[in-house]
file final09.pdb (PDB, C-alpha atoms)
ATOM      1  CA  ASP A 228     -21.712  26.917 -35.297
ATOM      2  CA  LYS A 229     -20.878  25.277 -38.608
ATOM      3  CA  LEU A 230     -20.827  21.788 -37.080
ATOM      4  CA  ASP A 231     -23.935  19.658 -36.727
ATOM      5  CA  ALA A 232     -25.038  18.309 -33.341
ATOM      6  CA  ALA A 233     -23.550  14.830 -33.890
ATOM      7  CA  ALA A 234     -20.131  16.235 -34.824
ATOM      8  CA  LYS A 235     -20.158  18.551 -31.800
ATOM      9  CA  LYS A 236     -21.059  15.674 -29.481
ATOM     10  CA  ASP A 237     -18.266  13.513 -30.918
ATOM     11  CA  LEU A 238     -15.665  16.269 -30.574
ATOM     12  CA  LEU A 239     -16.736  17.060 -27.008
ATOM     13  CA  ALA A 240     -16.464  13.375 -26.085
ATOM     14  CA  GLN A 241     -12.942  13.259 -27.547
ATOM     15  CA  ILE A 242     -11.969  16.431 -25.660
ATOM     16  CA  LYS A 243     -13.300  14.953 -22.418
ATOM     17  CA  GLN A 244     -11.421  11.678 -22.943
ATOM     18  CA  GLU A 245      -8.136  13.432 -23.767
ATOM     19  CA  THR A 246      -8.554  15.751 -20.773
ATOM     20  CA  GLU A 247      -9.074  12.779 -18.450
ATOM     21  CA  SER A 248      -5.990  11.086 -19.906
ATOM     22  CA  LEU A 249      -3.915  14.230 -19.436
ATOM     23  CA  ASP A 250      -5.174  14.623 -15.862
ATOM     24  CA  GLU A 251      -4.219  11.025 -15.107
ATOM     25  CA  MET A 252      -0.759  11.479 -16.624
ATOM     26  CA  VAL A 253      -0.113  14.636 -14.569
ATOM     27  CA  ARG A 254      -1.251  12.897 -11.370
ATOM     28  CA  ASN A 255       1.093  10.004 -12.108
ATOM     29  CA  LEU A 256       4.041  12.308 -12.793
ATOM     30  CA  LEU A 257       3.398  14.242  -9.570
ATOM     31  CA  ALA A 258       3.097  10.997  -7.627
ATOM     32  CA  ILE A 259       6.386   9.544  -8.905
ATOM     33  CA  THR A 260       8.140  12.842  -8.137
ATOM     34  CA  ARG A 261       6.843  12.774  -4.559
ATOM     35  CA  ILE A 262       7.756   9.100  -4.163
ATOM     36  CA  ASP A 263      11.306   9.705  -5.400
ATOM     37  CA  ALA A 264      11.680  12.698  -3.071
ATOM     38  CA  GLY A 265      10.320  10.779  -0.076
ATOM     39  CA  ALA A 266       7.611  13.419   0.189
ATOM     40  CA  LEU A 267       4.506  11.301  -0.294
ATOM     41  CA  GLU A 268       2.036  12.479   2.352
ATOM     42  CA  LEU A 269      -0.562   9.936   3.426
ATOM     43  CA  ARG A 270      -3.973  11.095   4.620
ATOM     44  CA  ARG A 271      -5.006   7.838   6.238
ATOM     45  CA  ASP A 272      -8.603   7.016   7.009
ATOM     46  CA  TRP A 273     -10.753   3.901   7.081
ATOM     47  CA  ILE A 274     -11.629   3.196   3.459
ATOM     48  CA  ASP A 275     -13.860   0.732   1.643
ATOM     49  CA  LEU A 276     -11.930  -0.900  -1.205
ATOM     50  CA  ARG A 277     -15.198  -2.058  -2.775
ATOM     51  CA  GLU A 278     -16.295   1.569  -3.346
ATOM     52  CA  ILE A 279     -12.946   2.436  -4.894
ATOM     53  CA  VAL A 280     -12.973  -0.617  -7.188
ATOM     54  CA  ASP A 281     -16.513   0.295  -8.305
ATOM     55  CA  ARG A 282     -15.451   3.871  -9.133
ATOM     56  CA  VAL A 283     -12.360   2.755 -11.039
ATOM     57  CA  THR A 284     -14.158   0.090 -13.076
ATOM     58  CA  ASN A 285     -17.056   2.435 -13.902
ATOM     59  CA  ALA A 286     -14.551   5.061 -15.087
ATOM     60  CA  ALA A 287     -12.770   2.441 -17.215
ATOM     61  CA  ARG A 288     -16.051   1.442 -18.853
ATOM     62  CA  ARG A 289     -16.936   5.105 -19.526
ATOM     63  CA  ARG A 290     -13.577   5.504 -21.243
ATOM     64  CA  GLY A 291     -14.371   2.645 -23.583
ATOM     65  CA  ALA A 292     -12.875  -0.464 -21.962
ATOM     66  CA  ARG A 293     -14.353  -3.448 -23.773
ATOM     67  CA  GLN A 294     -12.928  -6.142 -21.532
ATOM     68  CA  ARG A 295     -15.350  -8.062 -19.312
ATOM     69  CA  ILE A 296     -14.530  -6.567 -15.906
ATOM     70  CA  GLU A 297     -15.992  -8.633 -13.066
ATOM     71  CA  ILE A 298     -15.946  -7.775  -9.362
ATOM     72  CA  ALA A 299     -16.132 -10.694  -6.924
ATOM     73  CA  LEU A 300     -15.285  -9.138  -3.564
ATOM     74  CA  PRO A 301     -16.538 -10.819  -0.372
ATOM     75  CA  SER A 302     -19.575  -9.226   1.216
ATOM     76  CA  ASP A 303     -17.734  -8.831   4.517
ATOM     77  CA  LEU A 304     -14.639  -7.202   3.018
ATOM     78  CA  PRO A 305     -13.010  -5.341   5.924
ATOM     79  CA  LEU A 306     -12.069  -1.669   5.798
ATOM     80  CA  VAL A 307      -8.386  -0.791   5.508
ATOM     81  CA  ARG A 308      -6.640   2.268   6.897
ATOM     82  CA  ALA A 309      -5.120   4.075   3.935
ATOM     83  CA  ASP A 310      -5.119   7.224   1.817
ATOM     84  CA  ALA A 311      -8.237   6.908  -0.361
ATOM     85  CA  THR A 312      -6.957   9.125  -3.181
ATOM     86  CA  LEU A 313      -3.635   7.318  -3.481
ATOM     87  CA  VAL A 314      -5.213   3.863  -3.237
ATOM     88  CA  GLU A 315      -7.647   4.827  -5.991
ATOM     89  CA  GLN A 316      -4.650   5.828  -8.104
ATOM     90  CA  VAL A 317      -3.015   2.440  -7.453
ATOM     91  CA  ILE A 318      -6.127   0.455  -8.334
ATOM     92  CA  GLY A 319      -6.749   2.666 -11.377
ATOM     93  CA  ASN A 320      -3.209   2.095 -12.623
ATOM     94  CA  VAL A 321      -3.395  -1.672 -12.125
ATOM     95  CA  ILE A 322      -6.800  -2.077 -13.792
ATOM     96  CA  GLY A 323      -5.774   0.352 -16.536
ATOM     97  CA  ASN A 324      -2.667  -1.739 -17.092
ATOM     98  CA  ALA A 325      -4.767  -4.889 -17.483
ATOM     99  CA  ILE A 326      -7.051  -3.143 -19.979
ATOM    100  CA  VAL A 327      -4.400  -1.746 -22.308
ATOM    101  CA  HIS A 328      -2.398  -4.993 -22.347
ATOM    102  CA  THR A 329      -5.259  -7.331 -23.222
ATOM    103  CA  PRO A 330      -7.628  -7.773 -26.175
ATOM    104  CA  ALA A 331     -11.272  -6.730 -25.960
ATOM    105  CA  GLU A 332     -12.621 -10.227 -25.226
ATOM    106  CA  THR A 333     -10.462 -10.597 -22.101
ATOM    107  CA  ARG A 334     -11.969 -11.262 -18.680
ATOM    108  CA  VAL A 335     -10.562  -9.075 -15.893
ATOM    109  CA  LEU A 336     -11.485 -10.269 -12.407
ATOM    110  CA  VAL A 337     -11.118  -8.209  -9.230
ATOM    111  CA  ASP A 338     -11.351 -10.284  -6.062
ATOM    112  CA  ALA A 339      -9.751 -10.443  -2.621
ATOM    113  CA  LEU A 340      -8.340 -12.843  -0.053
ATOM    114  CA  VAL A 341      -8.754 -11.798   3.569
ATOM    115  CA  GLY A 342      -6.386 -13.092   6.222
ATOM    116  CA  PRO A 343      -6.004 -12.221   9.917
ATOM    117  CA  GLN A 344      -3.060  -9.866   9.280
ATOM    118  CA  GLU A 345      -3.557  -8.702   5.709
ATOM    119  CA  LEU A 346      -5.973  -8.181   2.853
ATOM    120  CA  ALA A 347      -4.900  -9.103  -0.682
ATOM    121  CA  LEU A 348      -6.768  -7.369  -3.495
ATOM    122  CA  ARG A 349      -6.178  -9.230  -6.772
ATOM    123  CA  VAL A 350      -6.607  -8.121 -10.390
ATOM    124  CA  THR A 351      -6.432 -11.157 -12.676
ATOM    125  CA  ASP A 352      -6.810 -11.290 -16.452
ATOM    126  CA  ASP A 353      -6.838 -14.154 -18.948
ATOM    127  CA  GLY A 354      -4.991 -12.192 -21.634
ATOM    128  CA  PRO A 355      -1.634 -13.019 -23.219
ATOM    129  CA  GLY A 356       0.281 -12.465 -19.969
ATOM    130  CA  ILE A 357       3.502 -10.612 -19.188
ATOM    131  CA  PRO A 358       6.588 -11.642 -21.199
ATOM    132  CA  ALA A 359       8.989 -13.624 -19.002
ATOM    133  CA  GLN A 360      11.859 -11.239 -19.700
ATOM    134  CA  ALA A 361       9.750  -8.225 -18.620
ATOM    135  CA  LEU A 362       8.289  -9.709 -15.431
ATOM    136  CA  PRO A 363      11.234  -8.938 -13.082
ATOM    137  CA  GLN A 364      11.239  -5.258 -14.118
ATOM    138  CA  ILE A 365       7.566  -4.355 -14.455
ATOM    139  CA  PHE A 366       7.576  -2.296 -11.254
ATOM    140  CA  ASP A 367      10.600  -0.259 -12.364
ATOM    141  CA  LYS A 368      10.139   3.259 -13.755
ATOM    142  CA  PHE A 369       9.792   3.721 -17.517
ATOM    143  CA  VAL A 370       9.510  -0.018 -18.161
ATOM    144  CA  LYS A 371       6.878  -1.158 -20.628
ATOM    145  CA  ALA A 372       6.084  -4.637 -21.847
ATOM    146  CA  ASP A 373       6.854  -5.382 -25.473
ATOM    147  CA  THR A 374       3.237  -6.222 -26.279
ATOM    148  CA  THR A 375       1.031  -3.111 -26.496
ATOM    149  CA  GLN A 376       3.592  -0.540 -25.338
ATOM    150  CA  ALA A 377       1.322   1.079 -22.789
ATOM    151  CA  ASP A 378       0.406   0.867 -19.144
ATOM    152  CA  GLY A 379      -1.789   2.452 -16.501
ATOM    153  CA  GLY A 380       0.501   5.487 -16.576
ATOM    154  CA  GLN A 381      -0.811   6.380 -20.052
ATOM    155  CA  GLY A 382       2.193   4.944 -21.863
ATOM    156  CA  THR A 383       4.840   6.586 -19.682
ATOM    157  CA  GLY A 384       5.920   3.319 -18.059
ATOM    158  CA  LEU A 385       5.134   4.808 -14.634
ATOM    159  CA  GLY A 386       1.805   3.226 -13.669
ATOM    160  CA  LEU A 387       3.108   0.150 -11.855
ATOM    161  CA  ALA A 388       6.164   1.950 -10.447
ATOM    162  CA  ILE A 389       3.802   4.444  -8.814
ATOM    163  CA  ALA A 390       1.603   1.633  -7.525
ATOM    164  CA  LYS A 391       4.660   0.011  -5.923
ATOM    165  CA  GLY A 392       5.761   3.250  -4.255
ATOM    166  CA  ILE A 393       2.290   3.974  -2.887
ATOM    167  CA  MET A 394       1.782   0.421  -1.601
ATOM    168  CA  GLU A 395       5.170   0.447   0.153
ATOM    169  CA  ALA A 396       4.352   3.820   1.724
ATOM    170  CA  HIS A 397       1.285   2.081   3.234
ATOM    171  CA  ASP A 398       3.498  -0.741   4.599
ATOM    172  CA  GLY A 399       1.932  -2.982   1.979
ATOM    173  CA  SER A 400       3.242  -4.621  -1.166
ATOM    174  CA  ILE A 401       2.487  -5.320  -4.812
ATOM    175  CA  THR A 402       3.456  -8.465  -6.705
ATOM    176  CA  ALA A 403       2.916  -9.876 -10.180
ATOM    177  CA  GLU A 404       2.356 -13.431 -11.385
ATOM    178  CA  SER A 405       2.390 -14.515 -15.036
ATOM    179  CA  PRO A 406       1.420 -16.757 -16.601
ATOM    180  CA  HIS A 407      -1.485 -17.201 -14.237
ATOM    181  CA  GLU A 408      -3.340 -20.203 -15.598
ATOM    182  CA  GLY A 409      -2.944 -22.452 -18.613
ATOM    183  CA  GLY A 410       0.143 -20.598 -19.793
ATOM    184  CA  ARG A 411      -1.778 -17.316 -20.088
ATOM    185  CA  GLY A 412      -2.915 -14.345 -18.070
ATOM    186  CA  ALA A 413      -1.463 -12.135 -15.373
ATOM    187  CA  ARG A 414      -2.335 -11.398 -11.766
ATOM    188  CA  ILE A 415      -1.343  -8.300  -9.804
ATOM    189  CA  VAL A 416      -1.768  -8.602  -6.038
ATOM    190  CA  LEU A 417      -2.057  -5.555  -3.758
ATOM    191  CA  THR A 418      -1.484  -6.544  -0.140
ATOM    192  CA  PHE A 419      -2.689  -4.199   2.607
ATOM    193  CA  PRO A 420      -1.909  -4.678   6.310
ATOM    194  CA  ARG A 421      -5.020  -5.097   8.462
ATOM    195  CA  GLN A 422      -5.785  -3.173  11.617
ATOM    196  CA  ASP A 423      -8.693  -3.366  14.015
ATOM    197  CA  VAL A 424     -11.395  -0.801  13.247
ATOM    198  CA  PRO A 425     -12.154   1.261  16.375
ATOM    199  CA  ALA A 426     -15.570   0.537  17.869
TER
END
call {"tool": "encode", "arguments": {"input": "final09.pdb", "output": "structure tokens"}}
result
Amino acid sequence: DKLDAAAKKDLLAQIKQETESLDEMVRNLLAITRIDAGALELRRDWIDLREIVDRVTNAARRRGARQRIEIALPSDLPLVRADATLVEQVIGNVIGNAIVHTPAETRVLVDALVGPQELALRVTDDGPGIPAQALPQIFDKFVKADTTQADGGQGTGLGLAIAKGIMEAHDGSITAESPHEGGRGARIVLTFPRQDVPA
């Protein structure tokens, strides 16, 4: 009662942000435990990656991401058969990774390439890129780049390891390229197998 309205609002916003971060960290720790134990249960359904990307990017903006996040997905992006919750965790970790490793003026582009057998969702930034010595290990557990010392796993070094485990459980893959263009930037590619949607 001793605080004014502005101070209360600021404290509540901080509490909400810290709670969301803690929730994300717990989900990541549970996921890596299940992956390591071979106990990751997939609840597959036909999912729209565009909806998931929209949710993840909106959440990132609410949490204060200042990067210019652009979505350029094709209008006829096909559905994929996957676990929506786990795929959202993967995309959240990858976009979160791009945000914490790049300065505020960075452009982060989410687009996709659609082939007859697979769909490749790409997250590309024009930031400083991934150090060459770190690139071969970025999907290992507890590995963090030497730049900002954080990743989509809230600094635990688990975000991309979890993404790899989840993608492999879906018979998909995740790869990294850096530098991407002009000696800068990084691109993470999530490749999903395609199946025919039942009529």
call {"tool": "closest_residue", "arguments": {"input": "final09.pdb", "among": "A:Lys243, A:Arg421, A:Arg288, A:Arg254", "to": "Asp398 of chain A", "atoms": "only C-alpha atoms"}}
result
A:Arg421
call {"tool": "resolve_selection", "arguments": {"input": "final09.pdb", "expression": "the PyMOL selection byres ((chain A and resi 388) around 9)", "output": "list in words"}}
result
Ile259, Ile365, Phe366, Asp367, Lys368, Phe369, Val370, Gly384, Leu385, Gly386, Leu387, Ile389, Ala390, Lys391, Gly392 and Ile393 of chain A
call {"tool": "residues_around", "arguments": {"input": "final09.pdb", "residues": "segment 320-322 of chain A", "least_positions_apart": "5", "cutoff": "10 Å", "atoms": "all atoms listed in the file", "output": "PyMOL selection string"}}
result
chain A and resi 251+255+280+283-284+287+296+314-315+327+335-337+349-352+378-381+385-390+414-417
call {"tool": "write_last_selection", "arguments": {"input": "final09.pdb", "atoms": "C-alpha atoms", "output": "short mmCIF file (atom, residue, chain, number, x, y, z; two decimals), keeping the file's coordinate frame"}}
result
data_model
loop_
_atom_site.label_atom_id
_atom_site.label_comp_id
_atom_site.auth_asym_id
_atom_site.auth_seq_id
_atom_site.Cartn_x
_atom_site.Cartn_y
_atom_site.Cartn_z
CA GLU A 251 -4.22 11.02 -15.11
CA ASN A 255 1.09 10.00 -12.11
CA VAL A 280 -12.97 -0.62 -7.19
CA VAL A 283 -12.36 2.76 -11.04
CA THR A 284 -14.16 0.09 -13.08
CA ALA A 287 -12.77 2.44 -17.22
CA ILE A 296 -14.53 -6.57 -15.91
CA VAL A 314 -5.21 3.86 -3.24
CA GLU A 315 -7.65 4.83 -5.99
CA VAL A 327 -4.40 -1.75 -22.31
CA VAL A 335 -10.56 -9.07 -15.89
CA LEU A 336 -11.48 -10.27 -12.41
CA VAL A 337 -11.12 -8.21 -9.23
CA ARG A 349 -6.18 -9.23 -6.77
CA VAL A 350 -6.61 -8.12 -10.39
CA THR A 351 -6.43 -11.16 -12.68
CA ASP A 352 -6.81 -11.29 -16.45
CA ASP A 378 0.41 0.87 -19.14
CA GLY A 379 -1.79 2.45 -16.50
CA GLY A 380 0.50 5.49 -16.58
CA GLN A 381 -0.81 6.38 -20.05
CA LEU A 385 5.13 4.81 -14.63
CA GLY A 386 1.80 3.23 -13.67
CA LEU A 387 3.11 0.15 -11.86
CA ALA A 388 6.16 1.95 -10.45
CA ILE A 389 3.80 4.44 -8.81
CA ALA A 390 1.60 1.63 -7.52
CA ARG A 414 -2.34 -11.40 -11.77
CA ILE A 415 -1.34 -8.30 -9.80
CA VAL A 416 -1.77 -8.60 -6.04
CA LEU A 417 -2.06 -5.56 -3.76
#
call {"tool": "residues_around", "arguments": {"input": "final09.pdb", "residues": "Gln241 of chain A", "least_positions_apart": "6", "cutoff": "12 Å", "atoms": "all atoms listed in the file", "output": "CSV table (one decimal) with C-alpha atoms, keeping the file's coordinate frame"}}
result
chain,number,residue,atom,x,y,z
A,234,ALA,CA,-20.1,16.2,-34.8
A,235,LYS,CA,-20.2,18.6,-31.8
A,247,GLU,CA,-9.1,12.8,-18.4
A,248,SER,CA,-6.0,11.1,-19.9
A,290,ARG,CA,-13.6,5.5,-21.2
A,291,GLY,CA,-14.4,2.6,-23.6
call {"tool": "closest_residue", "arguments": {"input": "final09.pdb", "among": "A:Ala359, A:Ala264, A:Ile318, A:Glu332", "to": "Glu404 of chain A", "atoms": "all atoms listed in the file"}}
result
A:Ala359
call {"tool": "closest_residue", "arguments": {"input": "final09.pdb", "among": "A:Leu313, A:Leu249, A:Ala325, A:Leu346", "to": "Arg261 of chain A", "atoms": "only C-alpha atoms"}}
result
A:Leu313
call {"tool": "atom_distance", "arguments": {"input": "final09.pdb", "atom1": "atom CA of Met394 of chain A", "atom2": "atom CA of Arg270 of chain A"}}
result
13.6 Å
call {"tool": "closest_residue", "arguments": {"input": "final09.pdb", "among": "A:Arg277, A:Ala240, A:Phe419, A:Gly323", "to": "Ile401 of chain A", "atoms": "all atoms listed in the file"}}
result
A:Phe419
call {"tool": "resolve_selection", "arguments": {"input": "final09.pdb", "expression": "the PyMOL selection byres ((chain A and resi 340-343) around 9)", "output": "ChimeraX atom specification"}}
result
/A:300-301,304-305,338-339,344-349,421
call {"tool": "atom_distance", "arguments": {"input": "final09.pdb", "atom1": "atom CA of Gly356 of chain A", "atom2": "atom CA of Gly409 of chain A"}}
result
10.6 Å
call {"tool": "residues_around", "arguments": {"input": "final09.pdb", "residues": "Arg271 of chain A", "least_positions_apart": "5", "cutoff": "12 Å", "atoms": "all atoms listed in the file", "output": "list of chain:residue names"}}
result
A:Leu306, A:Val307, A:Arg308, A:Ala309, A:Asp310, A:Ala311, A:Thr312, A:Leu313, A:Val314, A:Ala396, A:His397
call {"tool": "closest_residue", "arguments": {"input": "final09.pdb", "among": "A:Pro358, A:Pro406, A:Asp303, A:Gln316", "to": "Val253 of chain A", "atoms": "only C-alpha atoms"}}
result
A:Gln316
call {"tool": "atom_distance", "arguments": {"input": "final09.pdb", "atom1": "atom CA of Pro363 of chain A", "atom2": "atom CA of Asp263 of chain A"}}
result
20.2 Å
call {"tool": "axis_aligned_box", "arguments": {"input": "final09.pdb", "around": "segment 332-346 of chain A", "padding_each_side": "5 Å", "output": "lines of an AutoDock Vina configuration file"}}
result
center_x = -7.8
center_y = -10.6
center_z = -7.7
size_x = 19.6
size_y = 14.9
size_z = 45.1
call {"tool": "closest_residue", "arguments": {"input": "final09.pdb", "among": "A:Ala413, A:Leu257, A:Met252, A:Leu362", "to": "His328 of chain A", "atoms": "only C-alpha atoms"}}
result
A:Ala413
call {"tool": "residues_around", "arguments": {"input": "final09.pdb", "residues": "Thr333 of chain A", "least_positions_apart": "3", "cutoff": "6 Å", "atoms": "only C-alpha atoms", "output": "list in words"}}
result
Gln294, Pro330, Asp353 and Gly354 of chain A
call {"tool": "decode", "arguments": {"input": "final09.pdb", "residues": "segment 279-291 of chain A", "atoms": "N, CA, C and O atoms", "output": "mmCIF file, in the first residue's frame"}}
result
data_model
loop_
_atom_site.group_PDB
_atom_site.id
_atom_site.type_symbol
_atom_site.label_atom_id
_atom_site.label_comp_id
_atom_site.auth_asym_id
_atom_site.auth_seq_id
_atom_site.Cartn_x
_atom_site.Cartn_y
_atom_site.Cartn_z
ATOM 1 N N ILE A 279 2.381 -21.038 -34.833
ATOM 2 C CA ILE A 279 3.369 -21.185 -33.769
ATOM 3 C C ILE A 279 4.417 -20.081 -33.843
ATOM 4 O O ILE A 279 4.776 -19.484 -32.828
ATOM 5 N N VAL A 280 4.899 -19.779 -35.045
ATOM 6 C CA VAL A 280 5.887 -18.704 -35.215
ATOM 7 C C VAL A 280 5.294 -17.379 -34.747
ATOM 8 O O VAL A 280 5.962 -16.595 -34.060
ATOM 9 N N ASP A 281 4.035 -17.121 -35.094
ATOM 10 C CA ASP A 281 3.375 -15.878 -34.653
ATOM 11 C C ASP A 281 3.331 -15.791 -33.131
ATOM 12 O O ASP A 281 3.636 -14.746 -32.545
ATOM 13 N N ARG A 282 2.955 -16.901 -32.469
ATOM 14 C CA ARG A 282 2.879 -16.894 -31.003
ATOM 15 C C ARG A 282 4.252 -16.642 -30.381
ATOM 16 O O ARG A 282 4.402 -15.857 -29.438
ATOM 17 N N VAL A 283 5.264 -17.325 -30.897
ATOM 18 C CA VAL A 283 6.608 -17.189 -30.341
ATOM 19 C C VAL A 283 7.144 -15.771 -30.532
ATOM 20 O O VAL A 283 7.717 -15.177 -29.601
ATOM 21 N N THR A 284 6.979 -15.216 -31.717
ATOM 22 C CA THR A 284 7.509 -13.868 -31.966
ATOM 23 C C THR A 284 6.743 -12.817 -31.163
ATOM 24 O O THR A 284 7.349 -11.867 -30.652
ATOM 25 N N ASN A 285 5.431 -12.979 -31.017
ATOM 26 C CA ASN A 285 4.659 -12.039 -30.202
ATOM 27 C C ASN A 285 5.111 -12.098 -28.744
ATOM 28 O O ASN A 285 5.232 -11.066 -28.071
ATOM 29 N N ALA A 286 5.370 -13.319 -28.247
ATOM 30 C CA ALA A 286 5.850 -13.467 -26.867
ATOM 31 C C ALA A 286 7.223 -12.818 -26.708
ATOM 32 O O ALA A 286 7.498 -12.158 -25.697
ATOM 33 N N ALA A 287 8.090 -12.978 -27.707
ATOM 34 C CA ALA A 287 9.422 -12.372 -27.643
ATOM 35 C C ALA A 287 9.327 -10.848 -27.594
ATOM 36 O O ALA A 287 10.044 -10.193 -26.826
ATOM 37 N N ARG A 288 8.426 -10.290 -28.380
ATOM 38 C CA ARG A 288 8.251 -8.832 -28.378
ATOM 39 C C ARG A 288 7.699 -8.351 -27.035
ATOM 40 O O ARG A 288 8.117 -7.310 -26.518
ATOM 41 N N ARG A 289 6.747 -9.115 -26.458
ATOM 42 C CA ARG A 289 6.199 -8.742 -25.149
ATOM 43 C C ARG A 289 7.282 -8.749 -24.077
ATOM 44 O O ARG A 289 7.236 -7.970 -23.137
ATOM 45 N N ARG A 290 8.249 -9.636 -24.234
ATOM 46 C CA ARG A 290 9.323 -9.743 -23.245
ATOM 47 C C ARG A 290 10.437 -8.733 -23.490
ATOM 48 O O ARG A 290 11.448 -8.745 -22.800
ATOM 49 N N GLY A 291 10.259 -7.891 -24.484
ATOM 50 C CA GLY A 291 11.204 -6.792 -24.670
ATOM 51 C C GLY A 291 12.216 -6.954 -25.779
ATOM 52 O O GLY A 291 13.163 -6.165 -25.866
#
